[in-house]
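Novice: If it helps, the file is called coords_21.tsv and holds TSV, C-alpha atoms:
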chain	number	residue	atom	x	y	z
X	1	MET	CA	5.59	-11.71	13.19
X	2	SER	CA	7.23	-9.57	15.85
X	3	GLU	CA	4.28	-7.21	16.35
X	4	SER	CA	4.11	-6.09	19.96
X	5	PRO	CA	0.65	-6.45	21.50
X	6	ILE	CA	1.16	-3.15	23.37
X	7	ALA	CA	0.49	0.04	21.39
X	8	GLN	CA	3.83	1.55	20.49
X	9	PRO	CA	4.46	5.29	20.86
X	10	ASP	CA	5.53	5.60	17.23
X	11	GLU	CA	2.53	3.72	15.87
X	12	GLU	CA	1.09	6.81	14.21
X	13	SER	CA	4.31	7.74	12.45
X	14	ARG	CA	4.68	4.16	11.27
X	15	ALA	CA	1.14	4.30	9.85
X	16	PHE	CA	1.98	7.55	8.06
X	17	ALA	CA	5.18	6.04	6.67
X	18	TRP	CA	3.18	3.13	5.26
X	19	TYR	CA	0.55	5.53	3.92
X	20	LEU	CA	3.34	7.28	1.97
X	21	ARG	CA	4.62	3.95	0.71
X	22	GLY	CA	1.10	3.30	-0.58
X	23	VAL	CA	1.13	6.69	-2.32
X	24	ARG	CA	4.49	5.87	-3.89
X	25	ARG	CA	3.23	2.43	-5.00
X	26	CYS	CA	0.85	4.26	-7.38
X	27	PHE	CA	3.69	5.86	-9.31
X	28	SER	CA	4.39	2.63	-11.13
X	29	ILE	CA	3.52	1.04	-14.43
X	30	PRO	CA	0.06	-0.13	-13.25
X	31	GLY	CA	-0.68	3.43	-12.08
X	32	LEU	CA	0.44	4.86	-15.42
X	33	VAL	CA	-1.66	2.28	-17.21
X	34	LEU	CA	-4.73	3.20	-15.14
X	35	VAL	CA	-4.19	6.83	-16.10
X	36	SER	CA	-4.29	5.78	-19.75
X	37	ALA	CA	-7.58	3.97	-19.12
X	38	PHE	CA	-9.09	7.11	-17.53
X	39	ILE	CA	-7.83	9.16	-20.48
X	40	GLY	CA	-10.00	6.83	-22.57
X	41	PHE	CA	-12.97	7.20	-20.23
X	42	SER	CA	-12.80	10.98	-20.33
X	43	GLY	CA	-13.16	10.86	-24.13
X	44	LEU	CA	-16.13	8.51	-23.79
X	45	ALA	CA	-17.94	10.74	-21.27
X	46	ARG	CA	-17.33	13.84	-23.36
X	47	GLU	CA	-18.74	12.12	-26.41
X	48	ALA	CA	-21.86	11.23	-24.41
X	49	GLY	CA	-22.51	14.93	-23.68
X	50	LEU	CA	-21.52	15.05	-20.02
X	51	THR	CA	-20.05	18.23	-18.60
X	52	LEU	CA	-16.56	18.45	-17.17
X	53	ALA	CA	-17.90	18.62	-13.59
X	54	GLN	CA	-20.24	15.64	-14.11
X	55	THR	CA	-17.41	13.52	-15.55
X	56	VAL	CA	-15.06	14.29	-12.66
X	57	PHE	CA	-17.89	13.74	-10.14
X	58	MET	CA	-18.73	10.36	-11.66
X	59	THR	CA	-15.07	9.30	-11.51
X	60	GLY	CA	-14.88	10.11	-7.81
X	61	VAL	CA	-18.17	8.61	-6.62
X	62	VAL	CA	-18.31	5.48	-8.81
X	63	TRP	CA	-14.60	4.68	-9.07
X	64	ALA	CA	-15.04	1.56	-11.15
X	65	LEU	CA	-14.39	1.87	-14.85
X	66	PRO	CA	-16.75	-0.87	-16.05
X	67	GLY	CA	-19.58	0.69	-14.03
X	68	GLN	CA	-18.72	4.14	-15.34
X	69	VAL	CA	-18.63	2.89	-18.93
X	70	VAL	CA	-21.98	1.14	-18.48
X	71	LEU	CA	-23.46	4.29	-16.91
X	72	ILE	CA	-22.30	6.36	-19.91
X	73	GLY	CA	-23.87	3.77	-22.20
X	74	ALA	CA	-27.17	3.99	-20.32
X	75	ILE	CA	-27.11	7.81	-20.48
X	76	LEU	CA	-26.41	7.66	-24.24
X	77	ALA	CA	-29.31	5.23	-24.73
X	78	GLY	CA	-31.62	7.53	-22.74
X	79	ASN	CA	-32.32	4.79	-20.19
X	80	SER	CA	-34.45	5.54	-17.13
X	81	LEU	CA	-32.81	5.94	-13.74
X	82	PHE	CA	-33.90	2.47	-12.68
X	83	ALA	CA	-32.66	0.75	-15.85
X	84	ALA	CA	-29.34	2.59	-15.64
X	85	ALA	CA	-28.90	1.69	-11.95
X	86	PHE	CA	-29.71	-1.94	-12.69
X	87	ALA	CA	-27.19	-2.13	-15.53
X	88	VAL	CA	-24.47	-0.48	-13.42
X	89	ALA	CA	-25.26	-2.79	-10.49
X	90	LEU	CA	-24.87	-5.80	-12.80
X	91	SER	CA	-21.52	-4.57	-14.04
X	92	SER	CA	-20.34	-3.87	-10.49
X	93	VAL	CA	-21.23	-7.23	-8.92
X	94	ARG	CA	-17.60	-8.27	-9.43
X	95	LEU	CA	-16.57	-5.67	-6.80
X	96	ALA	CA	-18.19	-7.71	-4.01
X	97	PRO	CA	-15.89	-10.75	-4.45
X	98	MET	CA	-12.91	-8.42	-4.86
X	99	VAL	CA	-13.74	-6.75	-1.54
X	100	VAL	CA	-14.45	-10.15	0.03
X	101	ALA	CA	-10.95	-11.21	-0.99
X	102	ILE	CA	-9.14	-8.06	0.16
X	103	THR	CA	-10.97	-7.35	3.47
X	104	PRO	CA	-9.62	-10.34	5.45
X	105	GLU	CA	-6.09	-9.37	4.38
X	106	MET	CA	-6.46	-5.89	5.94
X	107	GLN	CA	-8.47	-6.88	8.98
X	108	THR	CA	-7.06	-7.32	12.46
X	109	PRO	CA	-9.05	-7.81	15.67
X	110	LYS	CA	-8.47	-4.09	16.35
X	111	THR	CA	-9.62	-2.78	12.96
X	112	ARG	CA	-12.72	-0.60	13.21
X	113	GLY	CA	-15.60	-1.52	10.93
X	114	TRP	CA	-16.14	1.91	9.40
X	115	VAL	CA	-12.51	2.01	8.26
X	116	LEU	CA	-13.06	-1.11	6.19
X	117	TYR	CA	-16.34	0.24	4.75
X	118	ALA	CA	-14.70	3.56	3.85
X	119	LEU	CA	-11.67	1.86	2.28
X	120	SER	CA	-13.90	-0.45	0.25
X	121	HIS	CA	-14.83	2.54	-1.94
X	122	PHE	CA	-11.27	2.51	-3.31
X	123	VAL	CA	-11.53	-1.11	-4.44
X	124	ALA	CA	-11.29	-1.38	-8.21
X	125	ILE	CA	-9.01	-3.46	-10.40
X	126	THR	CA	-5.77	-1.44	-10.19
X	127	SER	CA	-5.77	-0.65	-6.47
X	128	TRP	CA	-6.80	-4.25	-5.80
X	129	VAL	CA	-3.99	-5.68	-7.92
X	130	LEU	CA	-1.41	-3.28	-6.45
X	131	ALA	CA	-2.47	-4.07	-2.88
X	132	MET	CA	-2.91	-7.82	-3.23
X	133	GLY	CA	0.47	-7.99	-4.95
X	134	SER	CA	2.35	-6.17	-2.19
X	135	PHE	CA	0.40	-6.90	1.02
X	136	LYS	CA	2.75	-9.76	1.92
X	137	THR	CA	5.49	-7.17	2.47
X	138	VAL	CA	3.25	-4.94	4.64
X	139	PRO	CA	2.76	-5.67	8.37
X	140	ARG	CA	-0.90	-6.63	8.79
X	141	PRO	CA	-1.89	-3.81	11.25
X	142	LEU	CA	-0.51	-1.22	8.78
X	143	ARG	CA	-2.21	-2.54	5.68
X	144	THR	CA	-5.20	-0.16	6.10
X	145	ALA	CA	-2.82	2.84	6.14
X	146	TYR	CA	-0.99	1.44	3.13
X	147	TYR	CA	-4.22	0.87	1.21
X	148	THR	CA	-5.46	4.37	2.08
X	149	GLY	CA	-2.31	5.68	0.39
X	150	ILE	CA	-2.90	3.60	-2.74
X	151	GLY	CA	-6.64	4.26	-2.99
X	152	SER	CA	-6.78	7.99	-2.27
X	153	THR	CA	-3.86	8.72	-4.60
X	154	LEU	CA	-5.34	6.77	-7.50
X	155	VAL	CA	-8.77	8.43	-7.12
X	156	LEU	CA	-7.45	12.00	-6.82
X	157	VAL	CA	-4.84	11.71	-9.58
X	158	ASN	CA	-7.35	10.22	-12.00
X	159	MET	CA	-10.00	12.86	-11.21
X	160	GLY	CA	-7.34	15.37	-12.29
X	161	VAL	CA	-6.49	13.35	-15.39
X	162	VAL	CA	-10.14	13.09	-16.42
X	163	ALA	CA	-10.56	16.87	-16.08
X	164	THR	CA	-7.40	17.63	-18.07
X	165	VAL	CA	-8.23	15.28	-20.93
X	166	PHE	CA	-11.81	16.56	-21.04
X	167	LEU	CA	-10.47	20.04	-21.73
X	168	VAL	CA	-8.02	19.04	-24.48
X	169	ALA	CA	-10.18	16.35	-26.20
X	170	GLU	CA	-11.91	19.00	-28.29
X	171	THR	CA	-8.73	19.72	-30.20
X	172	LEU	CA	-7.99	16.06	-31.05
X	173	PRO	CA	-8.64	14.46	-34.47
X	174	ALA	CA	-11.14	11.55	-34.80
X	175	THR	CA	-8.40	8.94	-35.22
X	176	VAL	CA	-6.79	9.94	-31.93
X	177	ASN	CA	-10.20	9.85	-30.23
X	178	ALA	CA	-10.74	6.31	-31.57
X	179	GLY	CA	-7.37	5.39	-30.08
X	180	LEU	CA	-8.41	6.93	-26.76
X	181	LEU	CA	-11.61	4.86	-26.69
X	182	PHE	CA	-9.57	1.71	-27.43
X	183	LEU	CA	-7.42	2.25	-24.32
X	184	THR	CA	-10.15	1.05	-21.96
X	185	PRO	CA	-10.72	-2.50	-23.32
X	186	ILE	CA	-7.00	-3.14	-23.88
X	187	TYR	CA	-6.23	-2.03	-20.37
X	188	PHE	CA	-8.74	-4.52	-18.95
X	189	LEU	CA	-7.65	-7.28	-21.32
X	190	THR	CA	-4.12	-7.24	-19.93
X	191	SER	CA	-4.64	-6.20	-16.30
X	192	LEU	CA	-7.30	-8.83	-15.68
X	193	TRP	CA	-5.09	-11.65	-16.99
X	194	GLY	CA	-2.26	-10.61	-14.69
X	195	SER	CA	-4.47	-10.31	-11.61
X	196	ALA	CA	-5.84	-13.87	-11.81
X	197	ARG	CA	-4.83	-15.82	-8.70
X	198	GLU	CA	-5.48	-19.28	-10.07
X	199	ARG	CA	-5.72	-20.95	-13.46
X	200	ALA	CA	-9.52	-20.91	-13.20
X	201	GLY	CA	-9.36	-17.11	-13.45
X	202	HIS	CA	-7.81	-17.39	-16.91
X	203	VAL	CA	-10.44	-19.92	-17.94
X	204	ALA	CA	-13.16	-17.57	-16.64
X	205	MET	CA	-11.66	-14.68	-18.58
X	206	ILE	CA	-11.50	-16.54	-21.91
X	207	LEU	CA	-15.05	-17.87	-21.50
X	208	GLY	CA	-16.28	-14.40	-20.46
X	209	LEU	CA	-14.71	-12.82	-23.55
X	210	ILE	CA	-16.62	-15.27	-25.74
X	211	CYS	CA	-19.88	-15.12	-23.77
X	212	GLY	CA	-20.00	-11.28	-23.63
X	213	PRO	CA	-20.74	-10.57	-27.30
X	214	VAL	CA	-22.76	-13.80	-27.70
X	215	PHE	CA	-25.13	-12.92	-24.84
X	216	HIS	CA	-25.15	-9.29	-25.96
X	217	ILE	CA	-26.94	-10.49	-29.09
X	218	LEU	CA	-28.98	-13.28	-27.45
X	219	MET	CA	-30.26	-11.39	-24.38
X	220	PRO	CA	-29.51	-7.65	-24.51
X	221	GLY	CA	-29.85	-5.97	-21.13
X	222	PHE	CA	-28.90	-9.13	-19.28
X	223	ASP	CA	-25.76	-9.93	-21.24
X	224	LEU	CA	-23.26	-9.13	-18.49
X	225	LEU	CA	-25.01	-11.07	-15.75
X	226	ALA	CA	-25.70	-14.05	-18.02
X	227	ALA	CA	-22.14	-14.11	-19.37
X	228	GLY	CA	-20.65	-13.72	-15.91
X	229	VAL	CA	-22.71	-16.48	-14.34
X	230	VAL	CA	-22.39	-18.97	-17.21
X	231	ALA	CA	-18.66	-18.45	-17.79
X	232	GLY	CA	-18.00	-18.20	-14.04
X	233	VAL	CA	-19.82	-21.42	-13.16
X	234	VAL	CA	-18.15	-23.37	-15.99
X	235	SER	CA	-14.66	-22.17	-15.01
X	236	TYR	CA	-15.31	-23.00	-11.35
X	237	ALA	CA	-16.49	-26.50	-12.36
X	238	TRP	CA	-13.22	-26.83	-14.32
X	239	HIS	CA	-11.32	-25.74	-11.20
X	240	ARG	CA	-13.04	-28.39	-9.04
X	241	MET	CA	-12.48	-31.12	-11.61
X	242	LYS	CA	-8.79	-30.26	-11.84
X	243	ALA	CA	-8.45	-30.27	-8.04
X	244	LYS	CA	-10.14	-33.68	-7.85
X	245	ASN	CA	-7.89	-35.12	-10.56
X	246	GLU	CA	-4.79	-33.86	-8.76
X	247	GLU	CA	-6.01	-35.48	-5.55
X	248	ALA	CA	-6.69	-38.78	-7.31
X	249	GLY	CA	-3.44	-38.72	-9.29
W	1	MET	CA	-36.61	9.82	-15.59
W	2	SER	CA	-33.61	9.69	-17.91
W	3	PHE	CA	-30.34	11.59	-17.46
W	4	ASP	CA	-31.65	14.68	-19.26
W	5	ALA	CA	-35.26	14.42	-18.04
W	6	PHE	CA	-35.08	17.59	-15.89
W	7	GLU	CA	-33.58	20.99	-16.47
W	8	SER	CA	-32.35	21.48	-12.89
W	9	TRP	CA	-28.59	21.56	-12.47
W	10	TRP	CA	-28.63	18.98	-9.69
W	11	TRP	CA	-30.57	16.23	-11.52
W	12	PRO	CA	-27.58	14.79	-13.45
W	13	TYR	CA	-25.64	14.60	-10.17
W	14	LEU	CA	-28.51	12.84	-8.38
W	15	PHE	CA	-28.73	10.47	-11.38
W	16	ILE	CA	-25.00	9.71	-11.13
W	17	LEU	CA	-25.29	9.23	-7.34
W	18	LEU	CA	-28.19	6.78	-7.54
W	19	ALA	CA	-27.35	4.89	-10.75
W	20	GLY	CA	-23.58	5.15	-10.30
W	21	TRP	CA	-22.48	5.51	-6.70
W	22	LEU	CA	-25.26	3.53	-4.96
W	23	ALA	CA	-25.36	0.78	-7.61
W	24	THR	CA	-21.60	0.34	-7.26
W	25	ASP	CA	-20.77	0.93	-3.60
W	26	ILE	CA	-23.58	-1.32	-2.39
W	27	TRP	CA	-21.51	-4.28	-3.69
W	28	ARG	CA	-18.40	-3.02	-1.97
W	29	TYR	CA	-20.29	-2.76	1.34
W	30	ILE	CA	-21.74	-6.25	0.88
W	31	GLY	CA	-18.18	-7.41	0.22
W	32	VAL	CA	-16.93	-5.93	3.51
W	33	TYR	CA	-19.85	-7.48	5.37
W	34	LEU	CA	-19.13	-10.93	3.92
W	35	GLY	CA	-15.35	-10.52	3.85
W	36	GLY	CA	-14.92	-10.43	7.60
W	37	LYS	CA	-16.61	-13.79	7.85
W	38	MET	CA	-14.67	-15.68	5.20
W	39	SER	CA	-11.25	-17.25	4.88
W	40	GLU	CA	-9.01	-15.92	2.12
W	41	GLU	CA	-8.40	-19.39	0.76
W	42	SER	CA	-11.96	-20.68	0.86
W	43	ASP	CA	-13.32	-22.42	-2.20
W	44	ILE	CA	-16.29	-20.03	-2.32
W	45	LEU	CA	-13.84	-17.22	-3.04
W	46	VAL	CA	-12.51	-19.09	-6.06
W	47	PHE	CA	-16.12	-19.32	-7.23
W	48	VAL	CA	-16.90	-15.61	-6.77
W	49	ARG	CA	-13.58	-14.66	-8.35
W	50	CYS	CA	-14.51	-16.79	-11.38
W	51	ILE	CA	-17.85	-14.98	-11.78
W	52	ALA	CA	-16.27	-11.56	-11.23
W	53	THR	CA	-13.54	-12.20	-13.79
W	54	ALA	CA	-16.01	-13.50	-16.36
W	55	LEU	CA	-18.22	-10.39	-15.87
W	56	VAL	CA	-15.37	-7.99	-16.54
W	57	ALA	CA	-14.21	-10.11	-19.49
W	58	ALA	CA	-17.71	-9.79	-20.95
W	59	VAL	CA	-17.51	-5.97	-20.59
W	60	ILE	CA	-14.12	-5.96	-22.34
W	61	ALA	CA	-15.32	-8.08	-25.26
W	62	ASN	CA	-18.39	-5.87	-25.70
W	63	LEU	CA	-16.27	-2.70	-25.73
W	64	ILE	CA	-14.21	-4.22	-28.55
W	65	VAL	CA	-17.04	-5.84	-30.56
W	66	PHE	CA	-19.75	-3.18	-29.98
W	67	PRO	CA	-17.86	0.09	-29.33
W	68	SER	CA	-19.27	3.61	-29.26
W	69	GLY	CA	-18.14	7.01	-30.52
W	70	ALA	CA	-15.20	7.47	-32.85
W	71	LEU	CA	-14.19	3.82	-32.42
W	72	ALA	CA	-17.50	2.59	-33.86
W	73	ASP	CA	-16.44	3.78	-37.33
W	74	SER	CA	-13.49	1.36	-37.44
W	75	PRO	CA	-13.83	-2.18	-38.89
W	76	LEU	CA	-14.50	-5.00	-36.39
W	77	GLU	CA	-11.65	-7.06	-37.88
W	78	LEU	CA	-9.18	-4.27	-37.19
W	79	ARG	CA	-10.28	-3.87	-33.56
W	80	VAL	CA	-10.08	-7.63	-32.92
W	81	ALA	CA	-6.68	-7.86	-34.65
W	82	ALA	CA	-5.38	-4.91	-32.59
W	83	ALA	CA	-6.67	-6.47	-29.35
W	84	ILE	CA	-5.05	-9.84	-30.18
W	85	ALA	CA	-1.77	-8.14	-31.11
W	86	GLY	CA	-1.79	-6.17	-27.86
W	87	PHE	CA	-2.52	-9.22	-25.74
W	88	ALA	CA	0.16	-11.28	-27.55
W	89	ALA	CA	2.71	-8.50	-27.00
W	90	TYR	CA	1.71	-8.39	-23.33
W	91	LEU	CA	2.24	-12.15	-22.93
W	92	PHE	CA	5.54	-12.25	-24.84
W	93	CYS	CA	7.00	-9.23	-23.03
W	94	ARG	CA	6.83	-10.62	-19.50
W	95	LYS	CA	3.27	-9.40	-18.91
W	96	GLN	CA	4.04	-5.69	-19.24
W	97	ILE	CA	0.62	-4.05	-19.55
W	98	LEU	CA	2.09	-0.88	-21.01
W	99	ILE	CA	3.74	-2.81	-23.87
W	100	GLY	CA	0.40	-4.53	-24.58
W	101	ILE	CA	-1.39	-1.17	-24.73
W	102	VAL	CA	1.26	0.40	-26.99
W	103	ALA	CA	1.23	-2.59	-29.37
W	104	ALA	CA	-2.59	-2.61	-29.60
W	105	GLU	CA	-2.71	1.14	-30.23
W	106	LEU	CA	0.01	0.89	-32.89
W	107	VAL	CA	-1.95	-1.77	-34.80
W	108	LEU	CA	-5.25	0.12	-34.44
W	109	LEU	CA	-3.87	3.54	-35.41
W	110	SER	CA	-1.79	2.29	-38.33
W	111	GLY	CA	-4.81	0.33	-39.53
W	112	LEU	CA	-7.00	3.43	-39.34
W	113	TYR	CA	-4.30	5.43	-41.13
W	114	LEU	CA	-3.97	2.87	-43.95
W	115	LEU	CA	-7.75	2.72	-44.41
W	116	GLY	CA	-7.81	6.51	-44.66
Please express the file's structure as structure tokens.
Specialist:
Amino acid sequence: MSESPIAQPDEESRAFAWYLRGVRRCFSIPGLVLVSAFIGFSGLAREAGLTLAQTVFMTGVVWALPGQVVLIGAILAGNSLFAAAFAVALSSVRLAPMVVAITPEMQTPKTRGWVLYALSHFVAITSWVLAMGSFKTVPRPLRTAYYTGIGSTLVLVNMGVVATVFLVAETLPATVNAGLLFLTPIYFLTSLWGSARERAGHVAMILGLICGPVFHILMPGFDLLAAGVVAGVVSYAWHRMKAKNEEAG
Amino acid sequence: MSFDAFESWWWPYLFILLAGWLATDIWRYIGVYLGGKMSEESDILVFVRCIATALVAAVIANLIVFPSGALADSPLELRVAAAIAGFAAYLFCRKQILIGIVAAELVLLSGLYLLG
């Protein structure tokens, strides 16, 4: 690391250059794939009776597809505000560990707290995967600028995508709409596998896939939390056992 | 107090803010608060990553097994077969997400077409 401790005169232009690199990072396959997932979400929201403005608003303020999908489900089911908030909160717990993992990678002793809190709103699977995958090539003090580029671009582009699809969905046949709704799960199925940092993540994913529908039938309303905790704890236990065996062997 | 409980134009937005934004961003803020105090490599992070991954996996499986809207009219076997085909294509094609999505959609749409 050859970072000078003294503030350099061109620090701001360097930050802007890295912001633009973050913007450019979005125009990649993962960015395209995320667009396809939001195309699917737009169809889902429309089917639930939301207006164009409400759908775009939800995309901007929630910015987490599982939470948005759960919120649509709660609206469809006519759930109360409290029940809907609880369900969304359950589906969004996973954001806390994602932020816990990404924050130390962006933080320097000089980083202001509010910057990290503001940037945390952008954390969702795609921006997280893009950033975690390329942070090693970004100088640590410029990672907040870089992540601002990734996050703001993804949010704004997808708000536009959601609005556009909402307007054209009306003219699409049922088969195409079914295909649109299938985009969301397939997107998660593949992106989650690729973002796993250790083998235990793959174990957790397979167990979670099995536990989801099983707990959906066994304990509706608590299925996500139950599946997440049970599958998560088992995969972590597997991780510890493997680590111990490697130590012993 | 459901989504369409009140006629006022602002109620749906307040509903989305409380049940959507607050319920989601609170976890992000907790993450920032905890993140500054933890090492990236710590074992606790492996644990929280395991739970987070399993939660999202559960959402995925439920979207495939218990879908809504136009997708709900398709047979479960077809959706599962399409998902497996997409994931297999993803794995065999050097983990290209786009190829996985295209393969899954091809199987689903041709299945729907054949079933009429």
Novice: Just want the 8 Å neighbourhood of segment 108-112 of chain W, counted on only C-alpha atoms, with same-chain residues fewer than 5 positions away dropped. Output as a JSON list (two decimals) with C-alpha atoms, keeping the file's coordinate frame.
Specialist:
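Saved result, around24.json, follows:
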[["chain", "number", "residue", "atom", "x", "y", "z"],
["X", 175, "THR", "CA", -8.40, 8.94, -35.22],
["X", 176, "VAL", "CA", -6.79, 9.94, -31.93],
["X", 179, "GLY", "CA", -7.37, 5.39, -30.08],
["W", 74, "SER", "CA", -13.49, 1.36, -37.44],
["W", 78, "LEU", "CA", -9.18, -4.27, -37.19],
["W", 79, "ARG", "CA", -10.28, -3.87, -33.56],
["W", 82, "ALA", "CA", -5.38, -4.91, -32.59]]
Novice: So, with all atoms listed in the file as the atoms that count, which of X:His121, X:His239, X:Arg24, X:Lys110 lies closest to Pro141 of chain X?
Specialist: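 Closest candidate: X:Lys110.
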Novice: Using only C-alpha atoms, which protein or nucleic acid residues come within 10 Å of Ile60 of chain W? Drop anything in the same chain fewer than 4 positions from it, and give the result as an MDAnalysis selection string.
Specialist: (chainID X and resid 66 184:189 192 205 208:209 212:213) or (chainID W and resid 54:56 64:67)
Novice: Take the selection from the previous step and output its residues with C-alpha atoms, as an mmCIF file, in the frame of the given file.
Specialist:
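Listing of part28.cif after writing:
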data_model
loop_
_atom_site.group_PDB
_atom_site.id
_atom_site.type_symbol
_atom_site.label_atom_id
_atom_site.label_comp_id
_atom_site.auth_asym_id
_atom_site.auth_seq_id
_atom_site.Cartn_x
_atom_site.Cartn_y
_atom_site.Cartn_z
ATOM 1 C CA PRO X 66 -16.750 -0.870 -16.050
ATOM 2 C CA THR X 184 -10.150 1.050 -21.960
ATOM 3 C CA PRO X 185 -10.720 -2.500 -23.320
ATOM 4 C CA ILE X 186 -7.000 -3.140 -23.880
ATOM 5 C CA TYR X 187 -6.230 -2.030 -20.370
ATOM 6 C CA PHE X 188 -8.740 -4.520 -18.950
ATOM 7 C CA LEU X 189 -7.650 -7.280 -21.320
ATOM 8 C CA LEU X 192 -7.300 -8.830 -15.680
ATOM 9 C CA MET X 205 -11.660 -14.680 -18.580
ATOM 10 C CA GLY X 208 -16.280 -14.400 -20.460
ATOM 11 C CA LEU X 209 -14.710 -12.820 -23.550
ATOM 12 C CA GLY X 212 -20.000 -11.280 -23.630
ATOM 13 C CA PRO X 213 -20.740 -10.570 -27.300
ATOM 14 C CA ALA W 54 -16.010 -13.500 -16.360
ATOM 15 C CA LEU W 55 -18.220 -10.390 -15.870
ATOM 16 C CA VAL W 56 -15.370 -7.990 -16.540
ATOM 17 C CA ILE W 64 -14.210 -4.220 -28.550
ATOM 18 C CA VAL W 65 -17.040 -5.840 -30.560
ATOM 19 C CA PHE W 66 -19.750 -3.180 -29.980
ATOM 20 C CA PRO W 67 -17.860 0.090 -29.330
#
Novice: Calculated over all atoms listed in the file, which of the candidates X:Val203, X:Cys26, X:Leu52, X:Leu20 has the smallest distance to Val168 of chain X?
Specialist: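 Smallest separation from Val168 of chain X among the options: X:Leu52.
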Novice: Using all atoms listed in the file, tabulate the residues of chain W lying at most 7 Å from any atom of chain X, each with its closest atom pair and that distance in Å to one decimal, by chain and increasing residue number, as CSV.
Specialist:
residue,atom,partner,partner_atom,distance
W:Met1,CA,X:Ser80,CA,5.0
W:Ser2,CA,X:Ser80,CA,4.3
W:Phe3,CA,X:Ile75,CA,5.8
W:Tyr13,CA,X:Gln54,CA,6.8
W:Phe15,CA,X:Leu81,CA,6.5
W:Ile16,CA,X:Met58,CA,6.3
W:Leu18,CA,X:Ala85,CA,6.8
W:Ala19,CA,X:Ala85,CA,3.8
W:Gly20,CA,X:Val62,CA,5.5
W:Trp21,CA,X:Val62,CA,4.7
W:Ala23,CA,X:Ala89,CA,4.6
W:Thr24,CA,X:Ser92,CA,5.5
W:Asp25,CA,X:His121,CA,6.4
W:Trp27,CA,X:Ala96,CA,4.8
W:Arg28,CA,X:Ala96,CA,5.1
W:Tyr29,CA,X:Tyr117,CA,6.0
W:Ile30,CA,X:Ala96,CA,6.2
W:Gly31,CA,X:Ala96,CA,4.2
W:Val32,CA,X:Val100,CA,6.0
W:Leu34,CA,X:Val100,CA,6.1
W:Gly35,CA,X:Val100,CA,3.9
W:Gly36,CA,X:Pro104,CA,5.7
W:Glu40,CA,X:Ala101,CA,6.0
W:Leu45,CA,X:Pro97,CA,6.9
W:Phe47,CA,X:Tyr236,CA,5.6
W:Val48,CA,X:Pro97,CA,5.5
W:Arg49,CA,X:Pro97,CA,6.0
W:Cys50,CA,X:Gly232,CA,4.6
W:Ile51,CA,X:Gly232,CA,3.9
W:Ala52,CA,X:Arg94,CA,4.0
W:Thr53,CA,X:Met205,CA,5.7
W:Ala54,CA,X:Gly208,CA,4.2
W:Leu55,CA,X:Gly228,CA,4.1
W:Ala57,CA,X:Gly208,CA,4.9
W:Ala58,CA,X:Gly212,CA,3.8
W:Val59,CA,X:Gly212,CA,6.6
W:Ile60,CA,X:Pro185,CA,4.9
W:Ala61,CA,X:Leu209,CA,5.1
W:Asn62,CA,X:Pro213,CA,5.5
W:Leu63,CA,X:Pro185,CA,6.1
W:Ile64,CA,X:Pro185,CA,6.5
W:Val65,CA,X:Pro213,CA,6.8
W:Gly69,CA,X:Glu47,CA,6.6
W:Ala70,CA,X:Ala178,CA,4.8
W:Leu71,CA,X:Ala178,CA,4.3
W:Ala83,CA,X:Ile186,CA,6.4
W:Phe87,CA,X:Thr190,CA,6.3
W:Tyr90,CA,X:Thr190,CA,6.8
W:Ile97,CA,X:Thr190,CA,5.7
W:Leu98,CA,X:Val33,CA,6.2
W:Ile101,CA,X:Ile186,CA,6.0
W:Glu105,CA,X:Gly179,CA,6.3
W:Leu109,CA,X:Gly179,CA,6.6
Novice: Rounded to one decimal, what separation in Å do you get between atom CA of Thr164 of chain X and atom CA of Phe27 of chain X?
Specialist: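 Atom CA of Phe27 of chain X lies at a distance of 18.4 Å from atom CA of Thr164 of chain X.
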Novice: Between atom CA of Ser134 of chain X and atom CA of Gly22 of chain X, what is the distance, to one decimal in Å?
Specialist: 9.7 Å
Novice: Could you check how far atom CA of Thr111 of chain X sits from atom CA of Gly31 of chain X, in Å to one decimal?
Specialist: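 Distance between the two atoms: 27.3 Å.
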Novice: Which is closer to Thr148 of chain X than all the others in X:Val162, X:Val23, X:Ala17, X:Met241, using all atoms listed in the file?
Specialist: X:Val23
Novice: Nearest residue to Asp73 of chain W out of W:Leu115, W:Ile26, W:Ala5, W:Val46, using only C-alpha atoms?
Specialist: W:Leu115
Novice: Considering only C-alpha atoms, state which residue in the set X:Ala145, X:Ala131, X:Val165, X:Val35 is at the smallest distance from Ser13 of chain X.
Specialist: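 For Ser13 of chain X, the nearest of the given residues is X:Ala145.
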Novice: Just give me the residues with any atom within 8 Å of (-8.5, 10.1, -12.7), file coordinates, counting all atoms listed in the file, written as a PyMOL selection string.
Specialist: chain X and resi 35+38-39+56+59+154-163
Novice: Go through W:Leu22, W:Ile84, W:Tyr33, W:Pro12 and flag the residue nearest Val107 of chain W, using only C-alpha atoms for the distances.
Specialist: W:Ile84
